[in-house]
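Student: Below: one structure in structure tokens.
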There are 2 protein chains.
Amino acid sequence: MNSVWPRILIVGAGWAGFILSQQLDDSKYDITIIAPHQTFAYTPLLASAATGLFFSRLAEEPIRRAHRRMTYYRALATAADLDQKSVTCIPSILQPGGRDIPDANHPFTVDYDILIIAPGCVNQTFNTPGATEHCFFLKTVPDAEAIKAKLLSLLEVASLPTTSPERAKELLHIAVVGGGPTGVELSAELTDLFSEMSKTYPHLAGLPSITIHDVAPEILGVFHQKLKAHALRSFRKHGVEVKTNSHIEKIEEDALYTKEDGRIPVGMVAWATGNRQCDFVESLHGLSKATRLGRILTDQRLRALKEDQSVLENVYALGDAADIFGNGLPTTAEVAVQKAEYLVNTLNRRIGQVKQLGWLGDPEAWDGQGHGGGQV
Amino acid sequence: MNSVWPRILIVGAGWAGFILSQQLDDSKYDITIIAPHQTFAYTPLLASAATGLFFSRLAEEPIRRAHRRMTYYRALATAADLDQKSVTCIPSILQPGGRDIPDANHPFTVDYDILIIAPGCVNQTFNTPGATEHCFFLKTVPDAEAIKAKLLSLLEVASLPTTSPERAKELLHIAVVGGGPTGVELSAELTDLFSEMSKTYPHLAGLPSITIHDVAPEILGVFHQKLKAHALRSFRKHGVEVKTNSHIEKIEEDALYTKEDGRIPVGMVAWATGNRQCDFVESLHGLSKATRLGRILTDQRLRALKEDQSVLENVYALGDAADIFGNGLPTTAEVAVQKAEYLVNTLNRRIGQVKQLGWLGDPEAWDGQGHGGGQV
């Protein structure tokens, strides 16, 4: 499809991609965004949503917006041809129960003039046997919904007359793997949930328990000592057990196995051991990538760098999938948002120049940056 | 388990069972309620919840309540021994995606002194091939959630570049089987939804369509002529096609077949052709039942009648599963609520007499009704 406006393709609708999709000037660009789930998730609210503090709908916002000139495809990017300027996608079909299943049989391509790569990361399971099948994750609103439904189910099954108190204790033992911020937040919310639930499930009093497992010698590794001490104090007070130096060997439906303790019966394993790059980012060749996490390296203007560190014109990368060469920043929402806002400014201003230059159908003609124009 | 209080077992948590479970005097009775889903559904709100007018959580209320002395089992009654005064149940386990799957491998029994039968009805499919597997129903909140998710999925799939406009038209064709109040309400909500969606899915303009099928010569059979005319006028205005005298032959995943039109491609079939008794009610022997629908017949005091029309002491039946002998009333929420409130009054007052009589552990001793006591 040819367009009279420069075609921006945004891959991903996390903090970076969503802000770009909503704030880029839709009267000057043809904006297309692809993401496998049709809402943007307010990630810091997911732990509360998962434990039922509020409707999970409040933790998400639809990507589609009325009266905005923008195309959204519910799809997953699988490959890009950076020379031909096109991205291959497969539909992501919502299944009963809120899960998104990629439909590899119906691929399609989207051509772009400007590509913005912001698919975020996926869950890092270190190939632990059973983790993908049996663990609960906390990256998306459907993830939070699944945790909530599982917790409710555990409480109800534990309440049945066919369930012995010993079995109920096992069912209400929640293991959280990963003592980073996600695991710690979720554990804190779980203590709140169980304390609240003691009013409606008084017969289960004393049975629920939470254990945090971390392979490291301490939880919240990168955070300030004072914060760690506070978390540990609070967990001790609420009976959350913290198992550091714990090596997970495999996960089954109703148990996890560690090198140190062998089989531990559980009702649910929540897995939050961090990120790895998604297959799409891994599939991108010819780009410079960071050693740690394989993040796409960009220059200070968020332009993707080729393997020889030269700029790949009209390809930007940000969010957890990218990092600035020589100026590394953590994989946080704050960084993603600031970069997205910078890029919105750049691109919305750049198009002013396009008009000045008169766009000729050749993307390079309106790319002030590529020609040393007076760009920000 | 022996109890010092009379044990009331309520089967079902619809309008009748829920009110009883919440309003019976929990300081005087041991109350147990069993129902396969842990919330009560405000049934008239389900059509709106299904089309996303509001959070479906607003259309339901938890059966469990803090600080109420009551036992709830998430289970399905499968059989009753009316002589031994016990009900056999199987757990109803919440699955990922909100569906409840009965677990026949772990049955248990609940003994009672007073049994209240109010399980409602299940969907009547007339054994239409494919209906159970492929149709969407509208009896519970999970049903409403499933419809909402399916509609969203259809809109997104129809928006993909791999979907032709012809295919999109088929995907966005919703067939509603049954022109009773549920089918009519849902169709009306669907027209609202599609009208609202035209703002966020402008590229799908003109593609959605709704058809109501009914085997009868007109829709809303039992309602007033004026109401029927209004519904038809409104449907005509909003482009809803009404196919009366339409005989459904089978349902497939993406099509329905009628005797009159053959194969009709659809995105979704919503099925609302009415009720049949649940397996539990069908399994109850020795009770008097109505010819139509097989409802348990009761006397004016809602006491179940034996086959010889004599009263079965301490067994009450109400809601859609029951009807008063010689004084039939429709299967509506209004009737269920009024009967539930009458029974709450009766039973809460009766227990006063129990105290007067001094209860001896034999339910008959405190049953004023059975002994001609000065009962309401």
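Naming works like this for the structure tokens: A, B, ... for the chains as they're shown, residue 1 at the start of each chain, ligands 1 onward in shown order.
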Residues of chain B within 6 Å of chain A, using only C-alpha atoms, as a compact mmCIF listing (two decimals) with N, CA and C atoms, in the first residue's frame?

Tutor:
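This is the output file out.txt:
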# COMPACT_ATOMS: atom_id res chain seq x y z
N ARG B 65 -19.93 -14.58 52.42
CA ARG B 65 -19.99 -13.22 52.98
C ARG B 65 -19.24 -13.25 54.29
N ALA B 66 -18.47 -12.20 54.52
CA ALA B 66 -17.69 -12.14 55.75
C ALA B 66 -18.63 -12.14 56.95
N TYR B 73 -20.11 -24.61 49.53
CA TYR B 73 -19.29 -25.54 48.75
C TYR B 73 -19.48 -25.22 47.27
N LEU B 94 -12.97 -24.38 39.20
CA LEU B 94 -12.78 -23.27 38.26
C LEU B 94 -11.56 -23.53 37.41
N GLY B 97 -9.80 -19.51 32.48
CA GLY B 97 -10.77 -19.05 31.52
C GLY B 97 -12.17 -18.94 32.11
N SER B 153 -12.81 -10.65 20.03
CA SER B 153 -11.95 -11.42 19.15
C SER B 153 -12.40 -11.30 17.70
N LEU B 160 -7.92 -7.66 10.73
CA LEU B 160 -6.59 -8.05 10.26
C LEU B 160 -6.48 -7.91 8.74
N LYS B 199 -17.13 3.68 16.26
CA LYS B 199 -16.17 4.77 16.48
C LYS B 199 -14.74 4.26 16.57
N THR B 200 -14.56 3.10 17.22
CA THR B 200 -13.20 2.58 17.37
C THR B 200 -12.81 1.63 16.23

Student: Residues near Thr273 in chain B, anyone? I mean within 12 Å using only C-alpha atoms, not counting same-chain ones fewer than 6 positions away, as a VMD selection string.

Tutor: chain B and resid 122 to 128 131 135 to 139 176 to 184 212 to 216 219 to 221 247 to 248

Student: CA of Pro44 in chain B and CA of Asp320 in chain B are how many Å apart?

Tutor: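 Atom-to-atom, CA of Pro44 in chain B and CA of Asp320 in chain B are spaced 15.1 Å apart.
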
Student: Please provide as a list of chain:residue names all residues within 9 Å of Gly262 in chain B, with the sequence filter that same-chain residues fewer than 5 positions apart are discarded (counting only C-alpha atoms).

Tutor: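 Everything that qualifies: B:Glu249, B:Leu256, B:Tyr257.
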
Student: Can you tell me, as a list in words, which residues in range 84-133 of chain B count as strand (DSSP E or B) by DSSP?

Tutor: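 Selecting the strand (DSSP E or B) positions of range 84-133 of chain B gives Ser86, Val87, Thr88, Cys89, Ile90, Pro91, Ser92, Ile93, Leu94, Asp100, Ile101, Pro102, Phe108, Thr109, Val110, Asp111, Ile114, Leu115, Ile116, Ile117, Cys121, Val122 and Asn123 of chain B.
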
Student: Taking 5 positions as the minimum chain separation for residues in the same chain, which residues sit within 10 Å of Tyr316 in chain B when counting only C-alpha atoms? Answer as a PyMOL selection string.

Tutor: chain B and resi 10+114-118+296-299+301-305+311+322+343

Student: Measuring atom to atom with only C-alpha atoms, identify which of B:Val337, B:Leu207, B:Ala49, B:Met70 is nearest to Asp26 in chain B.

Tutor: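 Looking at the shortest contact to Asp26 in chain B, the residue is B:Met70.
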
Student: If you measure from CA of Tyr112 in chain B to CA of Leu9 in chain B, what distance in Å do you get, rounded to one decimal?

Tutor: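 Distance between the two atoms: 5.7 Å.
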
Student: Tell me which protein, DNA and RNA residues are within 8 Å of Pro208 in chain A, counting only C-alpha atoms, leaving out same-chain ones fewer than 2 positions away, and put them as a list in words.

Tutor: Lys169, Leu172, His173, Ile174, Phe194, Leu204, Ala205, Gly206 and Ile210 of chain A

Student: Write the residues of the preceding selection, restricted to N, CA and C atoms, as a compact mmCIF listing (two decimals), in the first residue's frame.

Tutor:
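File produced: out.txt:
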# COMPACT_ATOMS: atom_id res chain seq x y z
N LYS A 169 -3.48 -27.03 53.23
CA LYS A 169 -2.26 -26.28 53.52
C LYS A 169 -1.34 -26.28 52.29
N LEU A 172 -2.77 -24.03 49.56
CA LEU A 172 -2.69 -22.60 49.86
C LEU A 172 -1.25 -22.16 50.11
N HIS A 173 -0.31 -23.00 49.71
CA HIS A 173 1.09 -22.59 49.75
C HIS A 173 1.46 -22.03 48.38
N ILE A 174 1.74 -20.74 48.34
CA ILE A 174 2.09 -20.08 47.08
C ILE A 174 3.59 -19.86 47.05
N PHE A 194 -4.56 -12.70 51.61
CA PHE A 194 -4.86 -13.76 52.57
C PHE A 194 -5.40 -13.18 53.87
N LEU A 204 -10.33 -21.46 56.89
CA LEU A 204 -9.00 -21.72 56.35
C LEU A 204 -7.91 -21.02 57.17
N ALA A 205 -8.29 -20.46 58.29
CA ALA A 205 -7.33 -19.68 59.10
C ALA A 205 -6.05 -20.47 59.36
N GLY A 206 -4.93 -19.82 59.18
CA GLY A 206 -3.64 -20.44 59.49
C GLY A 206 -3.09 -21.33 58.39
N ILE A 210 3.25 -18.27 52.08
CA ILE A 210 3.93 -17.74 50.91
C ILE A 210 5.43 -17.94 51.11

Student: Which residue out of A:Val4, A:Ile251, A:Ile101, A:Leu58 has the minimum interatomic distance to Ile264 in chain A when only C-alpha atoms are used?

Tutor: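 Result for the nearest residue to Ile264 in chain A: A:Ile251.
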